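A.B. asks: Here you go, one structure.
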Amino acid sequence: MAEFQELVKNFQRIRDYMRQFYVYGFKVRGDYTEKSARTYDNERRRIESWLSPFIYSEYTSKGRQVSITHGEGELSSNPLFAAWKSKSFTDNDLLLHFFILALLSDGREMTAGELADAVSGFGGEIDSQTARLKLKDYEDLGVLTSRKEKKSLLYRLSPKSALRKRLEEDPEFFSRFHAALSFFSQIAPFGFIGSTIEDKYYGKNTIFSFKHYFIVHTLEDGILYPLLNALHEGRFVLLTNHSARSGRVTEIEGLPLKVFVSTRTGRRYICVYTPRDRRFVNLRLDCISSVQPLDLRETSGLYQEKLSANLSRCFGVSFGSRASRLEEICVKLAIDEEKEGHILNRLFREGRGGEIIRIDSQTFLYSGFFFDVGEMLSWVKSFTGHILDIQSSNREAMIRITTDLEILYRMYCQDPSEAKTF
């Protein structure tokens with residue numbers, strides 16, 4: 001029987017649960033099939049204990065649906081940071097945390113065996129292997145440093161960093177640093193780290209609020225970190241990817257080259273070169289469940305150059321199908337050059353390098369070659385009312401957009417004879 005605890009041990013499970021139920025907001029209790037209904041209740045109670053002010057629920061034909069909701073400018077800090085700050089721990093974790101800091105506080109050095117004996121002297125029961133693992137974890141976190149003496153490994157507390165010293169000694173810097181920390185902890189990747197520092201020194205952000213605030217993407221930071229390490233090292237990785245459309249799970253081996261971020265949705269993608277298919281592919285970070293580092297290869301610079309040469313042909317993040325060639329699109333637009341200059345400016349600004357030809361003062365032709373014309377359709381539709389004609393080598397994309405436009409005309413034209421056929 002699953003027992004409810006507010007703290008979490010498996011972040012991947014809580015990440016999937018928060019995204020599927022509370023971010024997308026379309027699943028109900030009956031859709032949770034991974035484990036028992038009691039496990040669902042435990043997960044729900046845990047998340048709602050963190051996010052209770054932002055939980056919204058409604059009843060539908062499927063059942064009770066829950067989601068996260070907040071108003072513009074309402075949030076001063078990302079509430080999803082609570083998931084990163086709620087890692088579970090054992091009694092030994094808690095015991096060792098305080099004893100390690102206390103025993104090493106005077107600057108002394110100790111081995112894992114000596115520390116385990118010292119803890120036992122206070123009534124605890126810790127073996128040297130458990131102490132060794134905890135000391136190694138703290139060294140990885142930067143809390144401790146170690147040095148080897150003969151066959152023994154001696155641990156001591158790390159000296160205070162220059163930043164920490166200045167924060168504690170310079171009130172003026174302390175205030176300026178607060179402003180920078182408050183801003184970047186909310187908008188930058190790994191913002192929960194800044195939020196944790198803010199919790200320690202300042203309490204909470206009282207300076208900034210945000211109109212467009214993509215809070216959900218902090219859940220992907222655990223995936224982003226090893227990808228950035230691999231990218232900077234030129235290291236190949238093995239990714240476990242869950243398709244958002246089909247639900248299929250696949251393993252993809254490739255070289256991470258670049259991170260793309262949508263300015264409209266905040267969604268993040270990793271661009272990977274896959275040797276098996278000999279092509280570039282962009283994967284959504286929220287669909288990747290694990291990253292396994294592989295070997296280093298000296299050819300990473302070559303792939304970076306190839307990517308730079310190909311990016312100008314991407315309208316968004318798609319490189320097209322496996323056997324794709326460049327697809328052409330031509331859109332004829334009615335734009336009054338004098339009265340609708342803002343629309344023309346937008347065409348130049350957002351056209352991603354497409355060619356714009358002036359036919360006359362009220363007619364313009366936009367054309368270009370891209371990997372995936374289908375990715376452009378939402379942008380092309382935003383010019384509805386100005387489109388005179390549209391042609392493309394991608395037949396499927398043309399059928400989709402012309403069908404949508406014809407339905408639109410039939411819906412909104414008062415006289416059916418006014419409806420256009422593209």
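Ordering of the structure tokens sets the chain letters (A, B, ...); residue numbers start at 1 within each chain; ligands are numbered from 1 in the order shown.
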Within 10 Å of Phe371 of chain A, counting only C-alpha atoms, which residues qualify if same-chain residues fewer than 5 places away don't, as a CSV table (one decimal) with all heavy atoms, in the first residue's frame?
C.D. replies:
chain,number,residue,atom,x,y,z
A,310,ASN,N,22.6,25.2,-42.2
A,310,ASN,CA,21.3,24.7,-42.4
A,310,ASN,C,20.2,25.5,-41.7
A,310,ASN,O,19.0,25.5,-42.1
A,310,ASN,CB,21.1,23.2,-42.0
A,310,ASN,CG,21.6,22.3,-43.0
A,310,ASN,OD1,21.0,21.9,-43.9
A,310,ASN,ND2,22.9,21.8,-42.8
A,311,LEU,N,20.6,26.3,-40.7
A,311,LEU,CA,19.6,27.0,-39.9
A,311,LEU,C,18.8,28.0,-40.6
A,311,LEU,O,17.6,28.3,-40.3
A,311,LEU,CB,20.3,27.7,-38.7
A,311,LEU,CG,20.7,26.8,-37.5
A,311,LEU,CD1,21.3,27.6,-36.4
A,311,LEU,CD2,19.5,26.0,-37.0
A,312,SER,N,19.4,28.6,-41.6
A,312,SER,CA,18.7,29.7,-42.4
A,312,SER,C,17.5,29.1,-43.1
A,312,SER,O,16.6,29.8,-43.6
A,312,SER,CB,19.6,30.3,-43.4
A,312,SER,OG,20.2,29.4,-44.3
A,313,ARG,N,17.5,27.8,-43.3
A,313,ARG,CA,16.3,27.1,-44.0
A,313,ARG,C,15.3,26.5,-43.1
A,313,ARG,O,14.4,25.8,-43.5
A,313,ARG,CB,16.9,26.0,-45.0
A,313,ARG,CG,17.8,26.5,-46.1
A,313,ARG,CD,17.1,27.6,-46.9
A,313,ARG,NE,18.0,28.1,-48.0
A,313,ARG,CZ,17.7,29.1,-48.8
A,313,ARG,NH1,16.5,29.7,-48.7
A,313,ARG,NH2,18.5,29.5,-49.7
A,314,CYS,N,15.5,26.8,-41.8
A,314,CYS,CA,14.5,26.3,-40.8
A,314,CYS,C,13.6,27.5,-40.5
A,314,CYS,O,14.1,28.6,-40.1
A,314,CYS,CB,15.1,25.8,-39.5
A,314,CYS,SG,16.0,24.3,-39.7
A,315,PHE,N,12.3,27.4,-40.7
A,315,PHE,CA,11.4,28.5,-40.3
A,315,PHE,C,11.2,28.5,-38.8
A,315,PHE,O,11.0,29.5,-38.2
A,315,PHE,CB,10.0,28.3,-41.0
A,315,PHE,CG,9.2,29.5,-40.9
A,315,PHE,CD1,9.4,30.6,-41.8
A,315,PHE,CD2,8.2,29.6,-39.9
A,315,PHE,CE1,8.6,31.8,-41.6
A,315,PHE,CE2,7.4,30.8,-39.8
A,315,PHE,CZ,7.6,31.8,-40.6
A,316,GLY,N,11.1,27.3,-38.2
A,316,GLY,CA,11.0,27.1,-36.8
A,316,GLY,C,12.1,26.2,-36.3
A,316,GLY,O,13.3,26.5,-36.3
A,317,VAL,N,11.7,25.0,-35.9
A,317,VAL,CA,12.7,24.0,-35.4
A,317,VAL,C,12.7,22.7,-36.2
A,317,VAL,O,13.3,21.7,-35.9
A,317,VAL,CB,12.4,23.6,-33.9
A,317,VAL,CG1,12.6,24.9,-33.0
A,317,VAL,CG2,11.0,23.0,-33.7
A,318,SER,N,11.9,22.6,-37.3
A,318,SER,CA,11.8,21.4,-38.1
A,318,SER,C,12.8,21.4,-39.2
A,318,SER,O,12.9,22.4,-39.9
A,318,SER,CB,10.4,21.2,-38.6
A,318,SER,OG,10.3,20.1,-39.5
A,319,PHE,N,13.5,20.2,-39.4
A,319,PHE,CA,14.3,20.0,-40.5
A,319,PHE,C,13.6,19.1,-41.5
A,319,PHE,O,14.3,18.5,-42.4
A,319,PHE,CB,15.6,19.3,-40.0
A,319,PHE,CG,16.5,20.2,-39.3
A,319,PHE,CD1,16.5,20.2,-37.9
A,319,PHE,CD2,17.4,21.0,-39.9
A,319,PHE,CE1,17.3,21.1,-37.1
A,319,PHE,CE2,18.2,21.9,-39.2
A,319,PHE,CZ,18.2,21.9,-37.8
A,320,GLY,N,12.3,18.9,-41.4
A,320,GLY,CA,11.6,18.2,-42.4
A,320,GLY,C,11.7,16.7,-42.2
A,320,GLY,O,12.2,16.2,-41.2
A,321,SER,N,11.2,15.9,-43.1
A,321,SER,CA,11.2,14.4,-43.1
A,321,SER,C,12.6,13.9,-43.4
A,321,SER,O,13.4,14.7,-43.9
A,321,SER,CB,10.1,13.8,-44.0
A,321,SER,OG,10.4,14.2,-45.3
A,324,SER,N,13.7,14.5,-47.0
A,324,SER,CA,13.2,15.8,-47.4
A,324,SER,C,14.2,16.5,-48.2
A,324,SER,O,15.4,16.4,-48.0
A,324,SER,CB,12.7,16.6,-46.3
A,324,SER,OG,13.9,17.1,-45.5
A,325,ARG,N,13.7,17.3,-49.2
A,325,ARG,CA,14.5,18.3,-49.9
A,325,ARG,C,13.8,19.7,-49.5
A,325,ARG,O,12.8,19.7,-48.8
A,325,ARG,CB,14.4,18.1,-51.4
A,325,ARG,CG,15.0,16.8,-51.8
A,325,ARG,CD,14.9,16.6,-53.3
A,325,ARG,NE,15.5,15.4,-53.8
A,325,ARG,CZ,15.5,15.0,-55.0
A,325,ARG,NH1,14.9,15.7,-56.0
A,325,ARG,NH2,16.1,13.8,-55.4
A,326,LEU,N,14.4,20.7,-49.9
A,326,LEU,CA,13.9,22.0,-49.6
A,326,LEU,C,12.5,22.2,-50.3
A,326,LEU,O,12.3,21.8,-51.5
A,326,LEU,CB,14.8,23.2,-50.1
A,326,LEU,CG,16.1,23.3,-49.2
A,326,LEU,CD1,17.0,24.4,-49.8
A,326,LEU,CD2,15.8,23.6,-47.8
A,327,GLU,N,11.6,22.8,-49.6
A,327,GLU,CA,10.2,23.0,-50.1
A,327,GLU,C,10.0,24.5,-50.4
A,327,GLU,O,10.4,25.3,-49.6
A,327,GLU,CB,9.2,22.5,-49.1
A,327,GLU,CG,9.3,21.0,-48.8
A,327,GLU,CD,8.4,20.6,-47.6
A,327,GLU,OE1,7.8,21.5,-47.0
A,327,GLU,OE2,8.3,19.4,-47.4
A,328,GLU,N,9.4,24.8,-51.5
A,328,GLU,CA,9.1,26.2,-51.9
A,328,GLU,C,7.7,26.6,-51.5
A,328,GLU,O,6.8,25.8,-51.6
A,328,GLU,CB,9.3,26.3,-53.4
A,328,GLU,CG,9.2,27.8,-53.8
A,328,GLU,CD,9.4,27.9,-55.3
A,328,GLU,OE1,9.5,26.9,-56.0
A,328,GLU,OE2,9.6,29.1,-55.8
A.B. asks: Pick out the residues sitting within 9 Å of Trp50 of chain A, and hand them over as a PyMOL selection string; count only C-alpha atoms, and ignore anything fewer than 4 positions along from it in its own chain.
C.D. replies: chain A and resi 6+45-46+79-80+82-83
A.B. asks: Using DSSP on the backbone coordinates, identify the residues of segment 86-297 of chain A assigned to strand (DSSP E); present them as a PyMOL selection string.
C.D. replies: chain A and resi 144-149+152-157+235-242+249-261+268-274+279-284+288-296
A.B. asks: Can you write out as a tab-separated table which residues of segment 108-205 of chain A fall within 12 Å of segment 261-284 of chain A, alongside each residue's closest atom pair and its distance in Å to one decimal, counting only C-alpha atoms and ordering rows by chain and ascending residue number?
C.D. replies:
residue	atom	partner	partner_atom	distance
A:Ile187	CA	A:Gly266	CA	10.1
A:Ala188	CA	A:Gly266	CA	11.1
A:Pro189	CA	A:Arg268	CA	10.4
A.B. asks: Write out as a list in words all residues of segment 269-312 of chain A that DSSP puts in alpha helix (DSSP H) for this structure's backbone.
C.D. replies: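 Residues meeting the alpha helix (DSSP H) criterion: Ser300, Gly301, Leu302, Tyr303, Gln304, Glu305, Lys306, Leu307, Ser308, Ala309 and Asn310 of chain A.
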A.B. asks: Can you work out which one of A:Ser300, A:Gln186, A:Asp360, A:Ile387 has the shortest atom-to-atom distance to Glu338 of chain A, counting only C-alpha atoms?
C.D. replies: A:Asp360
A.B. asks: Given the choices A:Leu101, A:Ile288, A:Leu388, A:Ile399, which gets closest to Ile335 of chain A if the distance is worked out from only C-alpha atoms?
C.D. replies: A:Leu388
A.B. asks: Which residue is closest to Phe81 of chain A? Choose from A:Phe174, A:Tyr56, A:Phe183, A:Phe190 and count only C-alpha atoms.
C.D. replies: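 The answer is A:Phe190, which sits nearest to Phe81 of chain A.
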A.B. asks: Find the spatial neighbours of Gly203 of chain A, counting only C-alpha atoms, within a cut-off of 12 Å - ignore same-chain residues fewer than 4 positions away - and output them as a PDB file with all heavy atoms, in the first residue's frame.
C.D. replies:
ATOM      1  N   SER A  76       5.306  36.176  -8.034  1.00  0.00           N
ATOM      2  CA  SER A  76       6.618  36.784  -7.814  1.00  0.00           C
ATOM      3  C   SER A  76       7.718  35.732  -7.845  1.00  0.00           C
ATOM      4  O   SER A  76       8.892  36.054  -7.952  1.00  0.00           O
ATOM      5  CB  SER A  76       6.648  37.508  -6.468  1.00  0.00           C
ATOM      6  OG  SER A  76       6.401  36.590  -5.414  1.00  0.00           O
ATOM      7  N   SER A  77       7.317  34.453  -7.753  1.00  0.00           N
ATOM      8  CA  SER A  77       8.273  33.346  -7.806  1.00  0.00           C
ATOM      9  C   SER A  77       7.578  32.131  -8.398  1.00  0.00           C
ATOM     10  O   SER A  77       6.367  31.962  -8.248  1.00  0.00           O
ATOM     11  CB  SER A  77       8.803  33.024  -6.409  1.00  0.00           C
ATOM     12  OG  SER A  77       9.757  31.975  -6.464  1.00  0.00           O
ATOM     13  N   HIS A 178      20.705  41.246  -4.777  1.00  0.00           N
ATOM     14  CA  HIS A 178      19.313  40.815  -4.608  1.00  0.00           C
ATOM     15  C   HIS A 178      18.504  41.110  -5.863  1.00  0.00           C
ATOM     16  O   HIS A 178      17.726  40.275  -6.332  1.00  0.00           O
ATOM     17  CB  HIS A 178      18.689  41.525  -3.401  1.00  0.00           C
ATOM     18  CG  HIS A 178      17.292  41.074  -3.111  1.00  0.00           C
ATOM     19  ND1 HIS A 178      16.418  41.828  -2.363  1.00  0.00           N
ATOM     20  CD2 HIS A 178      16.605  39.960  -3.490  1.00  0.00           C
ATOM     21  CE1 HIS A 178      15.251  41.193  -2.280  1.00  0.00           C
ATOM     22  NE2 HIS A 178      15.348  40.065  -2.955  1.00  0.00           N
ATOM     23  N   LEU A 181      19.597  38.729  -8.655  1.00  0.00           N
ATOM     24  CA  LEU A 181      19.179  37.358  -8.325  1.00  0.00           C
ATOM     25  C   LEU A 181      17.676  37.182  -8.511  1.00  0.00           C
ATOM     26  O   LEU A 181      17.217  36.171  -9.068  1.00  0.00           O
ATOM     27  CB  LEU A 181      19.576  37.046  -6.885  1.00  0.00           C
ATOM     28  CG  LEU A 181      19.398  35.600  -6.422  1.00  0.00           C
ATOM     29  CD1 LEU A 181      20.354  34.682  -7.170  1.00  0.00           C
ATOM     30  CD2 LEU A 181      19.641  35.498  -4.922  1.00  0.00           C
ATOM     31  N   SER A 182      16.887  38.156  -8.077  1.00  0.00           N
ATOM     32  CA  SER A 182      15.434  38.081  -8.199  1.00  0.00           C
ATOM     33  C   SER A 182      15.013  37.990  -9.659  1.00  0.00           C
ATOM     34  O   SER A 182      14.076  37.263 -10.006  1.00  0.00           O
ATOM     35  CB  SER A 182      14.774  39.301  -7.558  1.00  0.00           C
ATOM     36  OG  SER A 182      14.995  39.320  -6.169  1.00  0.00           O
ATOM     37  N   GLY A 194      18.915  29.918  -8.058  1.00  0.00           N
ATOM     38  CA  GLY A 194      18.856  31.297  -7.586  1.00  0.00           C
ATOM     39  C   GLY A 194      17.772  31.486  -6.550  1.00  0.00           C
ATOM     40  O   GLY A 194      17.937  32.227  -5.578  1.00  0.00           O
ATOM     41  N   SER A 195      16.632  30.793  -6.744  1.00  0.00           N
ATOM     42  CA  SER A 195      15.540  30.888  -5.782  1.00  0.00           C
ATOM     43  C   SER A 195      15.948  30.322  -4.426  1.00  0.00           C
ATOM     44  O   SER A 195      15.558  30.853  -3.383  1.00  0.00           O
ATOM     45  CB  SER A 195      14.316  30.140  -6.321  1.00  0.00           C
ATOM     46  OG  SER A 195      13.270  30.130  -5.395  1.00  0.00           O
ATOM     47  N   THR A 196      16.749  29.260  -4.429  1.00  0.00           N
ATOM     48  CA  THR A 196      17.225  28.670  -3.172  1.00  0.00           C
ATOM     49  C   THR A 196      18.165  29.620  -2.445  1.00  0.00           C
ATOM     50  O   THR A 196      18.096  29.776  -1.217  1.00  0.00           O
ATOM     51  CB  THR A 196      17.947  27.335  -3.462  1.00  0.00           C
ATOM     52  OG1 THR A 196      17.063  26.458  -4.163  1.00  0.00           O
ATOM     53  CG2 THR A 196      18.373  26.662  -2.171  1.00  0.00           C
ATOM     54  N   ILE A 197      19.057  30.295  -3.202  1.00  0.00           N
ATOM     55  CA  ILE A 197      19.944  31.297  -2.595  1.00  0.00           C
ATOM     56  C   ILE A 197      19.115  32.442  -2.030  1.00  0.00           C
ATOM     57  O   ILE A 197      19.376  32.949  -0.934  1.00  0.00           O
ATOM     58  CB  ILE A 197      20.954  31.824  -3.640  1.00  0.00           C
ATOM     59  CG1 ILE A 197      21.854  30.689  -4.131  1.00  0.00           C
ATOM     60  CG2 ILE A 197      21.790  32.964  -3.063  1.00  0.00           C
ATOM     61  CD1 ILE A 197      22.750  31.075  -5.286  1.00  0.00           C
ATOM     62  N   GLU A 198      18.085  32.833  -2.785  1.00  0.00           N
ATOM     63  CA  GLU A 198      17.215  33.922  -2.333  1.00  0.00           C
ATOM     64  C   GLU A 198      16.488  33.551  -1.047  1.00  0.00           C
ATOM     65  O   GLU A 198      16.323  34.372  -0.150  1.00  0.00           O
ATOM     66  CB  GLU A 198      16.207  34.238  -3.441  1.00  0.00           C
ATOM     67  CG  GLU A 198      15.539  35.585  -3.296  1.00  0.00           C
ATOM     68  CD  GLU A 198      14.786  35.959  -4.555  1.00  0.00           C
ATOM     69  OE1 GLU A 198      14.281  35.058  -5.255  1.00  0.00           O
ATOM     70  OE2 GLU A 198      14.681  37.164  -4.831  1.00  0.00           O
ATOM     71  N   ASP A 199      16.051  32.287  -0.958  1.00  0.00           N
ATOM     72  CA  ASP A 199      15.402  31.824   0.271  1.00  0.00           C
ATOM     73  C   ASP A 199      16.319  31.996   1.484  1.00  0.00           C
ATOM     74  O   ASP A 199      15.870  32.373   2.570  1.00  0.00           O
ATOM     75  CB  ASP A 199      15.014  30.345   0.139  1.00  0.00           C
ATOM     76  CG  ASP A 199      13.880  30.114  -0.846  1.00  0.00           C
ATOM     77  OD1 ASP A 199      13.202  31.104  -1.200  1.00  0.00           O
ATOM     78  OD2 ASP A 199      13.689  28.964  -1.269  1.00  0.00           O
ATOM     79  N   ILE A 207      10.642  42.304  -5.982  1.00  0.00           N
ATOM     80  CA  ILE A 207      10.994  43.375  -6.914  1.00  0.00           C
ATOM     81  C   ILE A 207      10.278  43.232  -8.262  1.00  0.00           C
ATOM     82  O   ILE A 207       9.733  44.200  -8.792  1.00  0.00           O
ATOM     83  CB  ILE A 207      12.522  43.406  -7.152  1.00  0.00           C
ATOM     84  CG1 ILE A 207      13.256  43.583  -5.817  1.00  0.00           C
ATOM     85  CG2 ILE A 207      12.901  44.512  -8.125  1.00  0.00           C
ATOM     86  CD1 ILE A 207      14.757  43.473  -5.933  1.00  0.00           C
TER      87      ILE A 207
END
A.B. asks: Find the residues near Lys381 of chain A: any atom within 9 Å, counting only C-alpha atoms, skip ones fewer than 5 places away on the same chain, and give them as a ChimeraX atom specification.
C.D. replies: /A:376,387,401,405
A.B. asks: Would you pick out the contacts of Arg108 of chain A at 10 Å or less, using only C-alpha atoms, so that residues sharing its chain but fewer than 2 positions from it are not included, and give the list as an MDAnalysis selection string?
C.D. replies: chainID A and resid 103:106 110 154:157
A.B. asks: Give me, please, the distance in Å between atom CA of Ser158 of chain A and atom CA of Asp170 of chain A, quoted to one decimal.
C.D. replies: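 Straight-line distance from atom CA of Ser158 of chain A to atom CA of Asp170 of chain A works out to 21.2 Å.
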A.B. asks: Separation of atom CA of Trp379 of chain A and atom CA of Ile329 of chain A, in Å?
C.D. replies: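 Rounded to one decimal, the two atoms are 12.6 Å apart.
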A.B. asks: Select, from A:Leu296, A:Leu95, A:Phe210, A:Thr69, the residue with the minimum atom-to-atom distance to Ser120 of chain A, counting only C-alpha atoms.
C.D. replies: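 For Ser120 of chain A, the nearest of the candidates is A:Leu95.
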A.B. asks: What does the distance from atom CA of Thr299 of chain A to atom CA of Gly234 of chain A come to in Å, to one decimal?
C.D. replies: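 Separating atom CA of Thr299 of chain A from atom CA of Gly234 of chain A is a distance of 8.1 Å.
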A.B. asks: Considering only C-alpha atoms, return as an MDAnalysis selection string whatever protein or nucleic-acid residues lie within 9 Å of Ser128 of chain A, sequence-local ones (same chain, fewer than 4 positions apart) excluded.
C.D. replies: chainID A and resid 112:117 132:133
